[in-house]
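**Student:** Quick one: this structure, given as structure tokens, is what I'll be asking you about.
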Amino acid sequence: MTNRNVLDTEATHILQTYKRTPIVFSRGRGIHLYDDEGKEYTDLVSGIGVASLGHAHPRLAAAIDEQAKALLHTSNLYYHPLQGQLAARLTELSGLPRSFFCNSGSEAVEACLKFARRYWHTEGDVSRTEVVALENSFHGRTLGALSTTWEKSYRRPFEPLVPGVRFVPREATALTEAISTNTQVVIVEPLQGEGGVRPLSKNIAHTIQKACDDTGALLITDEVQCGLGRTGRPFYFQALDLRPDLISVGKALGAGVPIGAALVGERVAAAVAYGDHGSTYGGNLLACRAALVFLEELMDRGLLGHIVTIGALAHQQLQKLANRHPSIIDIRGEGVMWGIEIDGNTDATAIVTAALKRCLLINRTAGNVIRLLPPLTITEDELSTALATLEAAVAEAEARAS
Ligand SMILES: Cc1ncc(COP(=O)(O)O)c(C=O)c1O
């Protein structure tokens, strides 16, 4: 099928929810993607933080091949050997004793919200009707997750949503006022991704944790984007001294194979009973096998340490970039998750377009922010080369704007 055919067939048959960039990718290797004419692109998007081990990772490919030849799926009616192993590894990293497996980040958030509700039902506390979320949050597109997502244009066309959600700014007084004995659960991204790569400050994290402790409200940290190594730590809540009751994960976990998980603390786990929640695919052998390979790479084969080194280099180089380019007004992030905020005179989309012309894939998030989410495996040389290309794209967009 030629490129034109792919686009035409999609235009006719695919529900038009995505405005895609007109490139057809059919192959990848490491941090590179190749279009249908063989042209090479450098991928600093990694399928929005999913291709954590890069593309066509040899160990992952071999494990998937082996698993496909043995057994892919049995449903959750029966046992298989990998789900418990994966859950035990996630417990080592998070400190939360139990996992519920699903297939995406939104489903993981959805499960966390349901388990939080279930907890208060078990407690018999009917006054807990509120959920507190932060302004600029993104937690997904399913109805429960969408109800806690800040962007109005995503929510409005689907109202009425789940009631009782309060969006609160990152401000101590507002948070302390909003989190009360009516609050079921507070949901936060420790480092917001879609909202413009915005980490919570330690002070605000402390305020949230204290308010949860004082009122008994549960805490969900949504680590779908920032968790599992992306910032050089297993989870970003660990950098902020938060103590979540529930954690949602997804994206990087399967390194491209769809899997999500709700990680659940003892207090909530004790309230959940057989039949309370379920997923046909959740935690099947293929997804668990891929996730186990990913966690081996991250924790046993040096990837986490590599991300710390790359993160320091990225910070240094991005800071220099910002010093040379007046359009860059802020650099935020850690490890291999960076936001570059551009001033109002230069359009971040123009930088994305100028980068694409140079075969560099980056994207724009909320506001005028360029986001970099490369594979966790990006090398120092690859990073330096990519950032030199990014600089040329920034310069082009600045020149156009002036
Ligand atoms: C923090 C966060 N939570 C939830 C989601 C939803 O994940 P998914 O798109 O896999 O459903 C995302 C996706 O970007 C996310 O960044």
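Identifiers in the structure tokens: chain A, B, ... in order shown; residue index from 1 per chain; ligand index from 1 in order shown.
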Distance limit 9 Å, reference ligand 1, atoms considered: only C-alpha atoms and all ligand atoms. Which residues make the cut? Give them as a VMD selection string.
**Tutor:** chain A and resid 48 to 50 103 to 109 137 to 142 145 149 188 to 195 221 to 227 248 to 251 258 to 260
**Student:** Please, which residues of segment 192-333 of chain A, numbered as in this document, come out strand (DSSP E) from DSSP, as a ChimeraX atom specification?
**Tutor:** /A:192,198-199,218-222,246-249,260-264,328-333
**Student:** I'd like the neighbourhood of Leu161 of chain A as a tab-separated table (two decimals) with all heavy atoms, in the first residue's frame, where a residue qualifies if any of its atoms comes within 9 Å (using only C-alpha atoms), though same-chain residues fewer than 6 positions away should be ignored.
**Tutor:**
chain	number	residue	atom	x	y	z
A	143	LEU	N	-14.81	8.03	30.87
A	143	LEU	CA	-15.67	9.00	31.55
A	143	LEU	C	-15.17	9.39	32.95
A	143	LEU	O	-15.17	10.57	33.29
A	143	LEU	CB	-17.11	8.49	31.62
A	143	LEU	CG	-17.93	8.74	30.36
A	143	LEU	CD1	-19.33	8.17	30.50
A	143	LEU	CD2	-18.02	10.21	30.01
A	144	GLY	N	-14.74	8.41	33.74
A	144	GLY	CA	-14.25	8.74	35.09
A	144	GLY	C	-12.97	9.54	35.02
A	144	GLY	O	-12.82	10.58	35.67
A	146	LEU	N	-11.83	11.22	32.49
A	146	LEU	CA	-12.12	12.52	31.86
A	146	LEU	C	-12.71	13.51	32.87
A	146	LEU	O	-12.41	14.71	32.82
A	146	LEU	CB	-13.10	12.30	30.70
A	146	LEU	CG	-13.52	13.52	29.90
A	146	LEU	CD1	-12.33	14.14	29.19
A	146	LEU	CD2	-14.59	13.15	28.87
A	147	SER	N	-13.50	13.00	33.80
A	147	SER	CA	-14.11	13.87	34.81
A	147	SER	C	-13.06	14.55	35.68
A	147	SER	O	-13.32	15.58	36.27
A	147	SER	CB	-15.04	13.06	35.72
A	147	SER	OG	-15.99	12.38	34.95
A	155	ARG	N	-13.81	17.96	28.12
A	155	ARG	CA	-14.91	17.52	29.00
A	155	ARG	C	-16.29	17.93	28.50
A	155	ARG	O	-17.23	17.14	28.51
A	155	ARG	CB	-14.70	18.10	30.42
A	155	ARG	CG	-13.70	17.32	31.23
A	155	ARG	CD	-13.67	17.81	32.66
A	155	ARG	NE	-12.97	19.06	32.79
A	155	ARG	CZ	-13.47	20.17	33.35
A	155	ARG	NH1	-14.67	20.19	33.85
A	155	ARG	NH2	-12.74	21.27	33.42
**Student:** Would you return as a PyMOL selection string the members of segment 144-346 of chain A that DSSP assigns to helix (DSSP H, G or I) on this structure's backbone?
**Tutor:** chain A and resi 144-147+152-158+172-178+202-215+236-239+251-254+266-269+285-300+303-324
**Student:** Pick out the residues sitting within 12 Å of Ala61 of chain A, and hand them over as a PyMOL selection string; count only C-alpha atoms, and ignore anything fewer than 3 positions along from it in its own chain.
**Tutor:** chain A and resi 29+53-58+64-68+254-257+286+289-290+293-294
**Student:** Just the residues within 7 Å of segment 202-204 of chain A, please, counting only C-alpha atoms, with nothing from its chain fewer than 2 positions along; format it as a list in words.
**Tutor:**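 After dropping sequence-adjacent residues, the list is Arg170, Glu171, Ala172, Leu200, His206, Thr207, Ile208 and Leu240 of chain A.
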**Student:** I want to know what sits within 9 Å of Lys114 of chain A, based on only C-alpha atoms, with residues of the same chain fewer than 4 positions away left out; could you give that as a compact mmCIF listing (two decimals) with C-alpha atoms, in the first residue's frame?
**Tutor:**
# COMPACT_ATOMS: atom_id res chain seq x y z
CA VAL A 109 -6.89 5.83 36.57
CA GLU A 110 -10.45 4.52 36.27
CA ARG A 118 -15.15 1.17 47.01
CA TYR A 119 -13.07 1.91 50.09
CA GLY A 144 -14.25 8.74 35.09
CA ASP A 276 -15.65 -5.57 42.17
CA HIS A 277 -13.67 -4.87 39.00
**Student:** Do a neighbour search on segment 278-285 of chain A at 7 Å with only C-alpha atoms, toss out local chain neighbours closer than 2 positions, and write the hits as a ChimeraX atom specification.
**Tutor:** /A:71-76,82-83,101-103,259,287-289
**Student:** Would you work out the distance separating atom CA of Gly339 of chain A from atom CA of Arg371 of chain A, expressed in Å to one decimal?
**Tutor:** 4.6 Å
**Student:** Would you mind listing, for every residue of segment 155-221 of chain A within 8 Å of segment 332-337 of chain A, the two atoms forming the shortest contact and the distance between them in Å to one decimal, using only C-alpha atoms, sorted by chain and ascending residue number, as JSON lines?
**Tutor:**
{"residue": "A:Val197", "atom": "CA", "partner": "A:Gly333", "partner_atom": "CA", "distance": 6.4}
{"residue": "A:Arg198", "atom": "CA", "partner": "A:Arg332", "partner_atom": "CA", "distance": 6.7}
{"residue": "A:Pro199", "atom": "CA", "partner": "A:Gly333", "partner_atom": "CA", "distance": 7.0}
**Student:** Those selected residues, please, written with C-alpha atoms and delivered as an mmCIF file, in the first residue's frame.
**Tutor:**
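Output contents, as saved in part-v5.cif:
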data_model
loop_
_atom_site.group_PDB
_atom_site.id
_atom_site.type_symbol
_atom_site.label_atom_id
_atom_site.label_comp_id
_atom_site.auth_asym_id
_atom_site.auth_seq_id
_atom_site.Cartn_x
_atom_site.Cartn_y
_atom_site.Cartn_z
ATOM 1 C CA VAL A 197 5.536 19.292 31.966
ATOM 2 C CA ARG A 198 4.955 20.884 35.375
ATOM 3 C CA PRO A 199 6.391 19.208 38.463
#
**Student:** Go ahead and compute the interatomic distance for atom CA of Thr231 of chain A and atom CA of Arg243 of chain A, in Å to one decimal.
**Tutor:** 17.9 Å
